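Below is data_2.txt, which holds compact mmCIF, C-alpha atoms and all ligand atoms.
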```txt
# COMPACT_ATOMS: atom_id res chain seq x y z
CA MET A 1 43.30 14.26 -27.80
CA LEU A 2 45.46 11.23 -28.34
CA GLN A 3 49.02 12.00 -27.29
CA GLY A 4 51.83 10.66 -29.38
CA SER A 5 53.56 9.05 -26.36
CA ASP A 6 50.43 7.21 -25.02
CA HIS A 7 51.42 3.83 -26.42
CA LEU A 8 54.54 3.98 -24.24
CA LYS A 9 52.62 4.16 -20.95
CA PRO A 10 52.53 0.97 -18.78
CA PRO A 11 49.23 -0.93 -19.13
CA ASN A 12 46.64 -0.03 -16.53
CA PRO A 13 45.59 -3.33 -14.86
CA LEU A 14 42.17 -1.96 -13.91
CA LYS A 15 41.30 -1.24 -17.49
CA SER A 16 41.32 -4.94 -18.33
CA SER A 17 39.16 -5.98 -15.34
CA PRO A 18 35.37 -5.88 -15.69
CA LEU A 19 35.07 -3.22 -13.00
CA GLY A 20 37.84 -1.18 -14.52
CA LYS A 21 36.06 -1.22 -17.86
CA ILE A 22 33.10 0.42 -16.24
CA TYR A 23 34.55 2.72 -13.66
CA GLN A 24 38.16 3.46 -14.54
CA LYS A 25 38.34 6.90 -15.97
CA SER A 26 40.34 6.58 -19.16
CA THR A 27 43.38 8.74 -19.50
CA VAL A 28 42.84 8.58 -23.25
CA GLU A 29 40.25 10.95 -24.60
CA PRO A 30 37.44 9.00 -26.34
CA GLN A 31 37.31 9.36 -30.09
CA TYR A 32 34.18 9.62 -32.18
CA GLY A 33 33.26 6.07 -33.27
CA ASP A 34 34.95 4.33 -30.30
CA PRO A 35 32.81 1.42 -29.03
CA VAL A 36 30.62 2.44 -26.07
CA PRO A 37 31.80 0.53 -22.97
CA PRO A 38 29.23 -1.87 -21.48
CA ARG A 39 27.49 -0.47 -18.43
CA ARG A 40 25.84 -2.09 -15.46
CA PRO A 41 22.04 -1.57 -15.56
CA ALA A 42 21.09 1.61 -13.74
CA LEU A 43 18.62 0.00 -11.36
CA VAL A 44 19.92 -2.17 -8.51
CA GLU A 45 19.00 -5.81 -8.85
CA ARG A 46 16.74 -5.96 -5.81
CA MET A 47 14.44 -3.29 -7.28
CA ARG A 48 14.28 -4.65 -10.83
CA PRO A 49 11.01 -6.53 -10.27
CA PHE A 50 9.41 -3.23 -9.20
CA THR A 51 9.85 -0.88 -12.15
CA SER A 52 6.19 0.12 -12.39
CA THR A 53 3.04 -0.32 -10.32
CA ILE A 54 -0.12 -1.99 -11.52
CA PHE A 55 -2.10 1.03 -10.27
CA ALA A 56 -0.15 3.47 -12.43
CA GLU A 57 -0.40 1.14 -15.44
CA ILE A 58 -4.15 0.63 -15.17
CA THR A 59 -4.82 4.33 -14.54
CA ALA A 60 -2.76 5.20 -17.62
CA LEU A 61 -4.75 2.62 -19.63
CA ALA A 62 -8.05 4.03 -18.35
CA THR A 63 -6.99 7.59 -19.20
CA ARG A 64 -5.80 6.57 -22.66
CA THR A 65 -9.01 4.73 -23.49
CA GLY A 66 -11.47 6.99 -21.64
CA ALA A 67 -12.63 4.01 -19.57
CA ILE A 68 -14.29 4.37 -16.17
CA ASN A 69 -11.40 3.78 -13.77
CA LEU A 70 -12.43 1.22 -11.15
CA GLY A 71 -8.78 0.14 -11.02
CA GLN A 72 -6.76 2.47 -8.81
CA GLY A 73 -8.44 3.04 -5.46
CA PHE A 74 -9.04 6.75 -5.11
CA PRO A 75 -12.35 8.56 -4.49
CA ASP A 76 -13.77 10.81 -7.21
CA THR A 77 -15.12 13.36 -4.73
CA ASP A 78 -13.40 15.54 -2.15
CA GLY A 79 -13.48 14.93 1.56
CA PRO A 80 -15.30 17.17 4.09
CA ALA A 81 -15.09 20.91 3.33
CA VAL A 82 -14.06 21.61 6.92
CA ILE A 83 -10.78 19.72 6.32
CA LEU A 84 -10.10 21.41 3.00
CA ASP A 85 -10.78 24.80 4.59
CA ALA A 86 -8.42 24.03 7.46
CA ALA A 87 -5.66 23.21 4.95
CA SER A 88 -6.30 26.38 3.05
CA ARG A 89 -6.22 28.43 6.28
CA ALA A 90 -2.91 26.80 7.24
CA ILE A 91 -1.41 27.62 3.83
CA HIS A 92 -2.57 31.21 3.96
CA GLY A 93 -1.73 31.46 7.65
CA GLY A 94 1.97 30.95 7.08
CA GLN A 95 2.41 27.28 8.04
CA ASN A 96 4.50 26.60 4.96
CA GLN A 97 7.95 25.76 6.31
CA TYR A 98 9.31 22.46 7.60
CA PRO A 99 7.11 21.00 10.30
CA PRO A 100 8.80 19.22 13.26
CA GLY A 101 10.34 15.83 12.37
CA PRO A 102 7.81 13.68 14.26
CA GLY A 103 4.85 15.72 12.92
CA VAL A 104 3.03 18.85 14.10
CA PRO A 105 1.99 18.52 17.77
CA VAL A 106 -1.73 19.12 17.04
CA LEU A 107 -1.79 16.16 14.64
CA ARG A 108 0.13 13.84 16.96
CA ALA A 109 -2.27 14.75 19.77
CA ALA A 110 -5.28 14.15 17.48
CA ILE A 111 -3.92 10.73 16.46
CA ALA A 112 -3.55 9.78 20.13
CA ARG A 113 -7.09 11.02 20.86
CA HIS A 114 -8.46 9.06 17.89
CA GLN A 115 -6.85 5.82 19.08
CA GLN A 116 -8.26 6.38 22.58
CA ARG A 117 -11.72 7.32 21.35
CA PHE A 118 -12.21 4.43 18.90
CA TYR A 119 -10.12 1.66 20.44
CA GLY A 120 -9.34 2.62 24.04
CA LEU A 121 -5.60 2.68 23.30
CA ASP A 122 -3.32 4.88 25.39
CA VAL A 123 -0.79 6.50 23.10
CA ASP A 124 1.76 9.13 24.12
CA PRO A 125 1.70 11.74 21.33
CA ASP A 126 5.30 12.79 21.98
CA SER A 127 7.18 9.50 22.07
CA GLU A 128 4.80 6.99 20.49
CA VAL A 129 3.56 8.72 17.31
CA LEU A 130 5.31 9.53 14.03
CA VAL A 131 3.68 11.40 11.13
CA THR A 132 4.83 10.15 7.72
CA ALA A 133 4.43 10.78 3.98
CA GLY A 134 1.43 8.46 3.73
CA ALA A 135 1.11 4.93 5.02
CA THR A 136 3.58 3.95 2.30
CA GLU A 137 6.45 5.77 3.99
CA ALA A 138 5.37 4.55 7.42
CA ILE A 139 5.66 0.95 6.21
CA ALA A 140 8.91 1.52 4.32
CA ALA A 141 10.58 3.31 7.24
CA THR A 142 9.46 0.63 9.70
CA ILE A 143 10.67 -2.29 7.58
CA LEU A 144 13.98 -0.54 6.81
CA ALA A 145 14.44 0.26 10.49
CA LEU A 146 13.63 -3.21 11.83
CA CYS A 147 15.04 -5.65 9.27
CA GLU A 148 18.64 -6.69 8.75
CA PRO A 149 19.44 -8.26 5.36
CA GLY A 150 18.22 -11.86 5.46
CA ASP A 151 15.60 -11.27 8.14
CA GLU A 152 12.18 -12.62 7.22
CA VAL A 153 8.89 -10.79 6.94
CA VAL A 154 5.64 -12.76 6.95
CA THR A 155 3.00 -11.29 4.61
CA PHE A 156 -0.43 -12.30 3.35
CA ASP A 157 -0.95 -12.77 -0.39
CA PRO A 158 -2.54 -11.10 -2.28
CA VAL A 159 -0.28 -8.43 -0.84
CA TYR A 160 -0.29 -4.65 -1.27
CA ASP A 161 2.48 -3.94 -3.75
CA SER A 162 4.58 -1.54 -1.67
CA TYR A 163 5.21 -4.19 1.01
CA ALA A 164 7.23 -6.41 -1.30
CA ALA A 165 9.24 -3.42 -2.54
CA SER A 166 10.02 -2.22 1.01
CA ILE A 167 11.07 -5.73 2.03
CA ALA A 168 13.33 -5.96 -1.04
CA LEU A 169 14.87 -2.54 -0.30
CA ALA A 170 15.75 -3.77 3.18
CA GLY A 171 17.36 -6.91 1.73
CA ALA A 172 14.88 -8.90 3.80
CA VAL A 173 13.04 -12.01 2.67
CA LYS A 174 9.28 -12.22 2.15
CA ARG A 175 7.48 -15.29 3.51
CA THR A 176 3.97 -15.71 2.25
CA VAL A 177 0.69 -16.97 3.62
CA THR A 178 -1.92 -17.25 0.85
CA LEU A 179 -5.49 -16.06 1.43
CA ARG A 180 -7.68 -18.04 -0.93
CA TRP A 181 -10.88 -17.21 -2.79
CA PRO A 182 -13.70 -16.94 -1.93
CA ASP A 183 -13.50 -16.24 1.83
CA PHE A 184 -9.74 -15.50 2.04
CA ALA A 185 -9.49 -17.16 5.47
CA VAL A 186 -6.08 -17.62 7.13
CA ASP A 187 -4.93 -21.26 6.97
CA GLU A 188 -3.36 -21.90 10.37
CA ALA A 189 -0.97 -24.59 9.17
CA GLU A 190 0.27 -22.35 6.37
CA LEU A 191 0.59 -19.48 8.84
CA ARG A 192 2.69 -21.55 11.23
CA ALA A 193 4.88 -22.77 8.37
CA ALA A 194 5.66 -19.18 7.34
CA PHE A 195 7.30 -18.42 10.71
CA GLY A 196 10.85 -19.51 11.48
CA PRO A 197 14.02 -18.59 13.39
CA ARG A 198 14.67 -15.58 11.10
CA THR A 199 11.18 -14.11 11.33
CA ARG A 200 11.56 -10.48 12.34
CA VAL A 201 8.26 -8.91 11.30
CA VAL A 202 4.75 -10.04 10.46
CA LEU A 203 3.08 -7.49 8.22
CA VAL A 204 -0.70 -7.54 8.57
CA ASN A 205 -3.26 -5.50 6.65
CA THR A 206 -6.77 -5.33 8.04
CA PRO A 207 -9.17 -4.49 6.49
CA HIS A 208 -7.28 -6.08 3.65
CA ASN A 209 -6.54 -4.66 0.22
CA PRO A 210 -7.32 -6.12 -2.35
CA THR A 211 -9.67 -8.78 -0.93
CA GLY A 212 -11.85 -6.61 1.34
CA LYS A 213 -11.33 -9.18 4.08
CA VAL A 214 -11.58 -8.01 7.69
CA PHE A 215 -9.31 -10.26 9.75
CA THR A 216 -11.22 -11.91 12.59
CA ARG A 217 -10.13 -11.59 16.20
CA ALA A 218 -9.26 -15.32 16.19
CA GLU A 219 -7.04 -14.93 13.12
CA LEU A 220 -5.25 -11.95 14.63
CA GLU A 221 -4.78 -13.81 17.90
CA ALA A 222 -3.23 -16.75 16.03
CA ILE A 223 -0.87 -14.35 14.24
CA GLY A 224 -0.07 -12.63 17.54
CA ALA A 225 0.64 -15.90 19.32
CA LEU A 226 3.18 -16.86 16.62
CA ALA A 227 4.71 -13.38 16.74
CA ARG A 228 5.24 -13.79 20.49
CA GLU A 229 6.58 -17.32 20.10
CA HIS A 230 9.16 -16.09 17.55
CA ASP A 231 9.75 -12.73 19.25
CA ALA A 232 8.65 -10.98 16.05
CA ILE A 233 7.21 -7.50 15.66
CA VAL A 234 3.75 -7.02 14.19
CA VAL A 235 3.42 -4.17 11.70
CA THR A 236 -0.26 -3.62 10.98
CA ASP A 237 -1.56 -1.50 8.12
CA GLU A 238 -5.03 -0.29 9.11
CA VAL A 239 -5.62 2.44 6.52
CA TYR A 240 -9.18 1.14 5.90
CA GLU A 241 -10.04 1.11 9.62
CA HIS A 242 -13.21 3.20 9.07
CA GLN A 243 -14.40 1.37 5.96
CA VAL A 244 -16.05 -1.66 7.54
CA TYR A 245 -19.52 -2.97 6.67
CA ASP A 246 -22.42 -5.13 7.87
CA ASP A 247 -21.70 -6.53 11.32
CA ALA A 248 -17.94 -6.81 10.76
CA VAL A 249 -15.74 -5.26 13.45
CA HIS A 250 -12.28 -3.83 12.86
CA VAL A 251 -9.97 -5.25 15.53
CA PRO A 252 -6.78 -3.18 15.80
CA VAL A 253 -3.91 -5.57 16.46
CA ALA A 254 -2.54 -3.29 19.21
CA THR A 255 -5.71 -3.87 21.28
CA LEU A 256 -5.12 -7.63 21.57
CA PRO A 257 -3.79 -8.81 24.94
CA GLY A 258 -0.01 -9.09 25.02
CA LEU A 259 0.56 -7.50 21.60
CA GLY A 260 0.66 -3.75 22.31
CA ASP A 261 4.35 -3.86 23.23
CA ARG A 262 5.38 -5.46 19.92
CA THR A 263 3.01 -3.78 17.45
CA VAL A 264 3.49 -0.84 15.10
CA THR A 265 0.11 0.45 13.84
CA VAL A 266 0.01 2.31 10.52
CA SER A 267 -2.82 4.43 9.13
CA SER A 268 -3.39 7.34 6.80
CA ALA A 269 -5.69 10.28 6.10
CA GLY A 270 -5.99 9.35 2.42
CA LYS A 271 -8.80 6.81 2.72
CA THR A 272 -10.72 8.17 5.70
CA PHE A 273 -10.90 11.76 4.46
CA SER A 274 -10.80 11.16 0.69
CA VAL A 275 -7.49 13.02 0.31
CA THR A 276 -5.25 10.34 -1.19
CA GLY A 277 -3.07 13.02 -2.82
CA TRP A 278 -2.15 14.62 0.50
CA LYS A 279 -0.04 11.67 1.58
CA VAL A 280 -0.40 12.28 5.28
CA GLY A 281 0.06 9.03 7.18
CA TRP A 282 1.27 8.00 10.60
CA LEU A 283 2.40 5.16 12.78
CA HIS A 284 2.25 4.56 16.49
CA GLY A 285 3.63 1.95 18.83
CA PRO A 286 6.11 1.49 21.68
CA ALA A 287 8.59 4.39 21.90
CA GLU A 288 11.58 2.23 20.97
CA LEU A 289 9.96 1.00 17.75
CA VAL A 290 8.73 4.49 16.84
CA ALA A 291 12.20 5.94 17.45
CA ALA A 292 13.68 3.29 15.14
CA ALA A 293 11.23 4.16 12.35
CA ARG A 294 11.88 7.88 12.96
CA ALA A 295 15.62 7.38 12.51
CA VAL A 296 15.02 6.04 8.98
CA LYS A 297 12.14 8.35 8.08
CA GLN A 298 14.21 11.46 8.69
CA PHE A 299 16.46 10.46 5.79
CA LEU A 300 13.66 9.41 3.44
CA THR A 301 11.58 12.58 3.39
CA PHE A 302 12.64 14.24 6.68
CA VAL A 303 9.16 15.85 6.84
CA SER A 304 6.24 16.49 4.49
CA ALA A 305 2.85 18.16 4.00
CA GLY A 306 3.32 20.83 6.73
CA PRO A 307 0.06 22.75 6.25
CA LEU A 308 -1.96 19.59 5.57
CA GLN A 309 -1.06 18.06 8.92
CA PRO A 310 -3.20 20.41 11.10
CA ALA A 311 -6.07 19.92 8.63
CA VAL A 312 -5.91 16.15 9.13
CA ALA A 313 -6.05 16.80 12.89
CA THR A 314 -9.36 18.62 12.30
CA GLY A 315 -10.60 15.57 10.41
CA LEU A 316 -9.65 13.07 13.10
CA ASP A 317 -11.66 15.07 15.63
CA LEU A 318 -14.85 15.02 13.50
CA GLY A 319 -17.93 13.62 15.24
CA ASP A 320 -19.11 10.02 15.13
CA ASP A 321 -21.71 11.00 12.51
CA PHE A 322 -18.93 11.67 9.97
CA TYR A 323 -17.40 8.23 10.48
CA ALA A 324 -20.79 6.47 10.47
CA SER A 325 -21.93 8.18 7.28
CA LEU A 326 -18.63 7.40 5.54
CA ALA A 327 -19.14 3.67 6.13
CA ALA A 328 -22.87 3.81 5.33
CA ALA A 329 -22.32 5.60 2.03
CA LEU A 330 -19.58 3.17 0.98
CA GLN A 331 -21.67 0.16 1.97
CA GLY A 332 -24.40 1.38 -0.40
CA LYS A 333 -21.83 1.72 -3.20
CA ARG A 334 -20.49 -1.73 -2.43
CA ASP A 335 -23.97 -3.23 -2.73
CA LEU A 336 -24.60 -1.39 -5.98
CA LEU A 337 -21.38 -2.71 -7.51
CA ILE A 338 -21.86 -6.25 -6.22
CA GLU A 339 -25.35 -6.39 -7.68
CA GLY A 340 -24.10 -5.11 -11.03
CA LEU A 341 -21.14 -7.49 -11.16
CA THR A 342 -23.34 -10.44 -10.26
CA ALA A 343 -25.87 -9.48 -12.92
CA ALA A 344 -23.01 -9.16 -15.42
CA GLY A 345 -22.03 -12.78 -14.76
CA PHE A 346 -19.12 -12.44 -12.33
CA ALA A 347 -18.88 -14.48 -9.14
CA VAL A 348 -18.30 -12.05 -6.27
CA SER A 349 -16.69 -12.30 -2.83
CA VAL A 350 -18.59 -9.85 -0.62
CA PRO A 351 -16.03 -7.55 1.06
CA ARG A 352 -16.61 -6.67 4.70
CA GLY A 353 -14.16 -3.77 4.53
CA THR A 354 -12.07 -1.47 2.24
CA TYR A 355 -13.53 -0.05 -0.96
CA PHE A 356 -12.67 -2.95 -3.21
CA VAL A 357 -14.61 -5.95 -4.53
CA VAL A 358 -12.83 -9.02 -5.85
CA ALA A 359 -14.74 -10.82 -8.59
CA ASP A 360 -14.07 -14.04 -10.45
CA ALA A 361 -14.25 -13.68 -14.22
CA ALA A 362 -14.09 -17.45 -14.87
CA PRO A 363 -17.89 -17.87 -15.07
CA LEU A 364 -17.80 -15.34 -17.92
CA GLY A 365 -15.23 -17.43 -19.75
CA PHE A 366 -12.13 -15.41 -18.77
CA ALA A 367 -9.52 -17.66 -17.19
CA ASP A 368 -6.81 -14.99 -17.15
CA GLY A 369 -7.48 -11.85 -15.10
CA VAL A 370 -4.41 -10.05 -16.46
CA GLU A 371 -5.59 -10.49 -20.03
CA LEU A 372 -9.12 -9.47 -19.08
CA CYS A 373 -7.89 -6.25 -17.40
CA GLN A 374 -5.86 -5.41 -20.49
CA ARG A 375 -8.95 -5.85 -22.69
CA LEU A 376 -11.69 -4.62 -20.36
CA PRO A 377 -11.43 -0.91 -21.30
CA GLU A 378 -11.88 -1.78 -24.96
CA LEU A 379 -14.51 -4.49 -24.33
CA ALA A 380 -16.62 -2.65 -21.79
CA GLY A 381 -15.17 0.82 -21.17
CA VAL A 382 -14.23 -0.05 -17.58
CA ALA A 383 -10.80 -0.51 -15.97
CA ALA A 384 -10.03 -2.99 -13.16
CA VAL A 385 -6.93 -4.54 -11.59
CA PRO A 386 -5.94 -8.23 -11.84
CA VAL A 387 -5.46 -9.82 -8.42
CA SER A 388 -2.80 -12.29 -9.53
CA VAL A 389 -0.18 -9.51 -9.69
CA PHE A 390 -0.35 -9.33 -5.88
CA HIS A 391 0.57 -13.02 -5.54
CA ASP A 392 3.89 -14.87 -5.48
CA ASP A 393 1.88 -17.71 -7.00
CA PRO A 394 -0.29 -16.10 -9.72
CA LYS A 395 -2.24 -19.35 -10.12
CA ALA A 396 -3.80 -18.73 -6.68
CA ALA A 397 -5.87 -15.93 -8.22
CA ALA A 398 -5.66 -16.49 -11.97
CA SER A 399 -9.15 -15.30 -12.96
CA LEU A 400 -9.74 -12.78 -10.14
CA VAL A 401 -10.06 -9.04 -10.73
CA ARG A 402 -10.47 -6.15 -8.30
CA PHE A 403 -12.96 -3.30 -8.77
CA ALA A 404 -12.93 -0.12 -6.64
CA PHE A 405 -16.29 1.30 -5.52
CA CYS A 406 -15.17 4.64 -4.01
CA LYS A 407 -16.85 6.47 -6.88
CA ARG A 408 -19.98 8.58 -7.33
CA ASP A 409 -23.17 6.51 -7.63
CA GLU A 410 -23.82 7.68 -11.19
CA VAL A 411 -20.33 6.52 -12.19
CA LEU A 412 -20.96 3.11 -10.62
CA TYR A 413 -24.35 2.81 -12.38
CA ASP A 414 -22.69 3.65 -15.67
CA ALA A 415 -19.91 1.12 -15.00
CA VAL A 416 -22.26 -1.76 -14.15
CA GLU A 417 -24.39 -1.01 -17.19
CA ARG A 418 -21.28 -1.24 -19.37
CA LEU A 419 -20.14 -4.43 -17.65
CA GLY A 420 -23.61 -5.88 -18.24
CA ARG A 421 -22.81 -6.01 -21.95
CA LEU A 422 -19.75 -8.16 -21.36
CA ALA A 423 -21.55 -11.52 -21.39
CA SER A 424 -22.90 -10.91 -24.89
CA LEU A 425 -19.42 -10.06 -26.19
CA VAL A 426 -17.69 -13.30 -25.17
N1 LIG B 1 -1.71 0.35 2.47
C1 LIG B 1 -2.78 -0.07 1.80
C2 LIG B 1 -3.39 -1.37 2.14
C3 LIG B 1 -3.30 0.72 0.77
O1 LIG B 1 -4.36 0.30 0.08
C4 LIG B 1 -2.68 1.94 0.45
C5 LIG B 1 -3.14 2.76 -0.70
N2 LIG B 1 -4.17 3.47 -0.41
C6 LIG B 1 -1.58 2.34 1.21
C7 LIG B 1 -1.11 1.52 2.20
C8 LIG B 1 -0.88 3.61 0.93
O2 LIG B 1 -1.42 4.65 1.64
P1 LIG B 1 -0.86 6.13 1.44
O3 LIG B 1 -1.45 6.66 0.18
O4 LIG B 1 -1.31 6.85 2.66
O5 LIG B 1 0.62 6.03 1.35
N1 LIG B 2 -3.97 2.05 -2.59
C1 LIG B 2 -4.47 2.28 -3.91
C2 LIG B 2 -5.08 1.02 -4.46
O1 LIG B 2 -4.92 -0.05 -3.91
C3 LIG B 2 -3.44 2.72 -4.90
C4 LIG B 2 -2.30 3.47 -4.41
C5 LIG B 2 -1.24 3.60 -5.47
O2 LIG B 2 -1.53 3.90 -6.61
N2 LIG B 2 -0.04 3.31 -5.11
O3 LIG B 2 -5.70 1.08 -5.48
```
Turn this file's structure into structure tokens for me.
Ligand code: PMP
Ligand code: GLN
Amino acid sequence: MLQGSDHLKPPNPLKSSPLGKIYQKSTVEPQYGDPVPPRRPALVERMRPFTSTIFAEITALATRTGAINLGQGFPDTDGPAVILDAASRAIHGGQNQYPPGPGVPVLRAAIARHQQRFYGLDVDPDSEVLVTAGATEAIAATILALCEPGDEVVTFDPVYDSYAASIALAGAVKRTVTLRWPDFAVDEAELRAAFGPRTRVVLVNTPHNPTGKVFTRAELEAIGALAREHDAIVVTDEVYEHQVYDDAVHVPVATLPGLGDRTVTVSSAGKTFSVTGWKVGWLHGPAELVAAARAVKQFLTFVSAGPLQPAVATGLDLGDDFYASLAAALQGKRDLLIEGLTAAGFAVSVPRGTYFVVADAAPLGFADGVELCQRLPELAGVAAVPVSVFHDDPKAAASLVRFAFCKRDEVLYDAVERLGRLASLV
């Protein structure tokens, strides 16, 4: 209520400053009809470019239109029953409270065994492994732990969307090396130019989403040599480590000579065991780097997915036949989709890893991949993701679109049949 004596009070200097307008609690009760004071936008500036993700947008579009969703990369079948049963046993067996901060010991031990078995890496499960809420948190915690504001992070465009957001959250600066259609090879001159005195991290992703590129040993060695020269840390996202085709070989960065002591390796159960919703990921590396990431992670989620962690341990210990049949089945799906896309009139870059195919829509008369992906559900009943949204320079991938092939064969057949009608519509 307005007091009769209010006009006699000395003026409050803060009330006339811009900050005061926003924050100073008025001593005068607001009246109905008073102008609403201007407010600063809710979201901090550094996160404003990241208000939604392309995956969420395309999945919403696919759901709205009933299109086959080859946009967001998630499988449409469950992983091995033995893993699901192990999770269910853990839930019913009382493992439902906070797990230990670094992750349950059986999972940390299984991660160490997995790295030894597949790559010959010696990893101490107690000091060199951290279980996280998916690879996403592993990357965020590592970047936030390692980067001061203004430090630089070298990345490879097209880049997985969460990297840019994590770098922005840290107040760090993204430096970009562009991988170009159709083979997405690393240009050594561009790579060298991306490094400088403020380089703190180089963030690699092999096999690479969205291109399906598997970095060659020579490319990784060139990256490693520059990391050593600039005393930078390599953070390597290897979530598609078991989705590699033909004669391609996944080379974990940590196995390269002289890089183990400066590399943080990230992976996740989501892709390997078809449980993307579980969000069980991990990182491993030298104890000092893992401790740094752990310090941040404990204040992001503290812990997560308690009963799912022992189930993922069961998965990691599955026999070689499981891993071989995963890759073989996906390679068949890849070939099916590539054949269909080619027949439909797209130009295709054959992926050697991941479960994504990048196709060029220009031969079909579509110069703009974003526009095509907006129209594709209505034109053909299929959803896909434009590649240009993963680029600082959208022109580098203007007419490229990404299709996911981690779907049942009948769904892929249906999708390619629908896409086959595209040429006659344009
Ligand atoms: N990195 C890459 C390259 C990815 O494609 C994804 C999404 N699957 C992630 C990280 C995130 O993994 P997670 O769901 O385990 O957080
Ligand atoms: N990694 C998945 C993809 O690339 C999507 C994950 C997400 O929706 N954030 O499609």
From A:Glu378, A:Asp157, A:Glu190, A:Glu229, residue lying nearest ligand LIG 1 (chain B) [only C-alpha atoms and all ligand atoms]: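 Distance minimum relative to ligand LIG 1 (chain B) lands on A:Asp157.
Between Arg402 (chain A) and the residues A:Val251, A:Leu70, A:Leu226, A:Ile111, the shortest atom-to-atom distance, using all atoms listed in the file, involves A:Leu70.
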CA of Pro158 (chain A) to CA of Val234 (chain A), straight-line distance in Å: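 Interatomic distance, CA of Val234 (chain A) to CA of Pro158 (chain A): 18.1 Å.
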Residues within 9 Å of Ser127 (chain A), only C-alpha atoms, excluding chain neighbours under 6 positions, as a PyMOL selection string: chain A and resi 102+284-288+290-291
Gap from CA of Asp360 (chain A) to CA of Phe156 (chain A) - Å, one decimal: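 Straight-line distance from CA of Asp360 (chain A) to CA of Phe156 (chain A) works out to 19.5 Å.
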Within 9 Å of ligand LIG 1 (chain B) (all atoms listed in the file), residues as number ranges by chain: A: 72-74, 132-139, 159-163, 205-210, 237-240, 266-271, 275-282, 354
With C-alpha atoms retained, export the selected residues as an mmCIF file, in the frame of the given file.
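New file result-v1.cif:
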```cif
data_model
loop_
_atom_site.group_PDB
_atom_site.id
_atom_site.type_symbol
_atom_site.label_atom_id
_atom_site.label_comp_id
_atom_site.auth_asym_id
_atom_site.auth_seq_id
_atom_site.Cartn_x
_atom_site.Cartn_y
_atom_site.Cartn_z
ATOM 1 C CA GLN A 72 -6.760 2.470 -8.810
ATOM 2 C CA GLY A 73 -8.440 3.040 -5.460
ATOM 3 C CA PHE A 74 -9.040 6.750 -5.110
ATOM 4 C CA THR A 132 4.830 10.150 7.720
ATOM 5 C CA ALA A 133 4.430 10.780 3.980
ATOM 6 C CA GLY A 134 1.430 8.460 3.730
ATOM 7 C CA ALA A 135 1.110 4.930 5.020
ATOM 8 C CA THR A 136 3.580 3.950 2.300
ATOM 9 C CA GLU A 137 6.450 5.770 3.990
ATOM 10 C CA ALA A 138 5.370 4.550 7.420
ATOM 11 C CA ILE A 139 5.660 0.950 6.210
ATOM 12 C CA VAL A 159 -0.280 -8.430 -0.840
ATOM 13 C CA TYR A 160 -0.290 -4.650 -1.270
ATOM 14 C CA ASP A 161 2.480 -3.940 -3.750
ATOM 15 C CA SER A 162 4.580 -1.540 -1.670
ATOM 16 C CA TYR A 163 5.210 -4.190 1.010
ATOM 17 C CA ASN A 205 -3.260 -5.500 6.650
ATOM 18 C CA THR A 206 -6.770 -5.330 8.040
ATOM 19 C CA PRO A 207 -9.170 -4.490 6.490
ATOM 20 C CA HIS A 208 -7.280 -6.080 3.650
ATOM 21 C CA ASN A 209 -6.540 -4.660 0.220
ATOM 22 C CA PRO A 210 -7.320 -6.120 -2.350
ATOM 23 C CA ASP A 237 -1.560 -1.500 8.120
ATOM 24 C CA GLU A 238 -5.030 -0.290 9.110
ATOM 25 C CA VAL A 239 -5.620 2.440 6.520
ATOM 26 C CA TYR A 240 -9.180 1.140 5.900
ATOM 27 C CA VAL A 266 0.010 2.310 10.520
ATOM 28 C CA SER A 267 -2.820 4.430 9.130
ATOM 29 C CA SER A 268 -3.390 7.340 6.800
ATOM 30 C CA ALA A 269 -5.690 10.280 6.100
ATOM 31 C CA GLY A 270 -5.990 9.350 2.420
ATOM 32 C CA LYS A 271 -8.800 6.810 2.720
ATOM 33 C CA VAL A 275 -7.490 13.020 0.310
ATOM 34 C CA THR A 276 -5.250 10.340 -1.190
ATOM 35 C CA GLY A 277 -3.070 13.020 -2.820
ATOM 36 C CA TRP A 278 -2.150 14.620 0.500
ATOM 37 C CA LYS A 279 -0.040 11.670 1.580
ATOM 38 C CA VAL A 280 -0.400 12.280 5.280
ATOM 39 C CA GLY A 281 0.060 9.030 7.180
ATOM 40 C CA TRP A 282 1.270 8.000 10.600
ATOM 41 C CA THR A 354 -12.070 -1.470 2.240
#
```
Nearby residues (all atoms listed in the file) at most 10 Å from region 215-225 of chain A, same-chain spacing under 2 positions excluded, as a ChimeraX atom specification: /A:154,184-188,191-192,195,202-208,212-213,227-234,248-254,256-259,262-263,352-353
Point (-18.9, -7.0, 3.1) neighbourhood (10 Å, only C-alpha atoms) written as number ranges by chain: A: 212-214, 243-248, 331, 334-335, 338, 349-357
Top pick for closest residue to Lys395 (chain A), considering A:Gly369, A:Gly345, A:Pro30, A:Pro310 and counting only C-alpha atoms: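 Looking at the shortest contact to Lys395 (chain A), the residue is A:Gly369.
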For CA of Ala165 (chain A) and CA of Phe403 (chain A), the interatomic separation in Å (one decimal): 23.1 Å
Option closest in space to Val389 (chain A), from A:Leu84, A:Val370, A:Leu341, A:Glu410 [counting all atoms listed in the file]: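 When distances to Val389 (chain A) are compared using all atoms listed in the file, the smallest one comes from A:Val370.
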From A:Ile143, A:Ala56, A:Leu412, A:Val312, residue lying nearest ligand LIG 2 (chain B) [only C-alpha atoms and all ligand atoms]: A:Ala56
Nearest to ligand LIG 2 (chain B) by atom-to-atom distance, counting all atoms listed in the file, from A:Tyr323, A:Phe405, A:Phe55, A:Tyr32: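 Looking at the shortest contact to ligand LIG 2 (chain B), the residue is A:Phe55.
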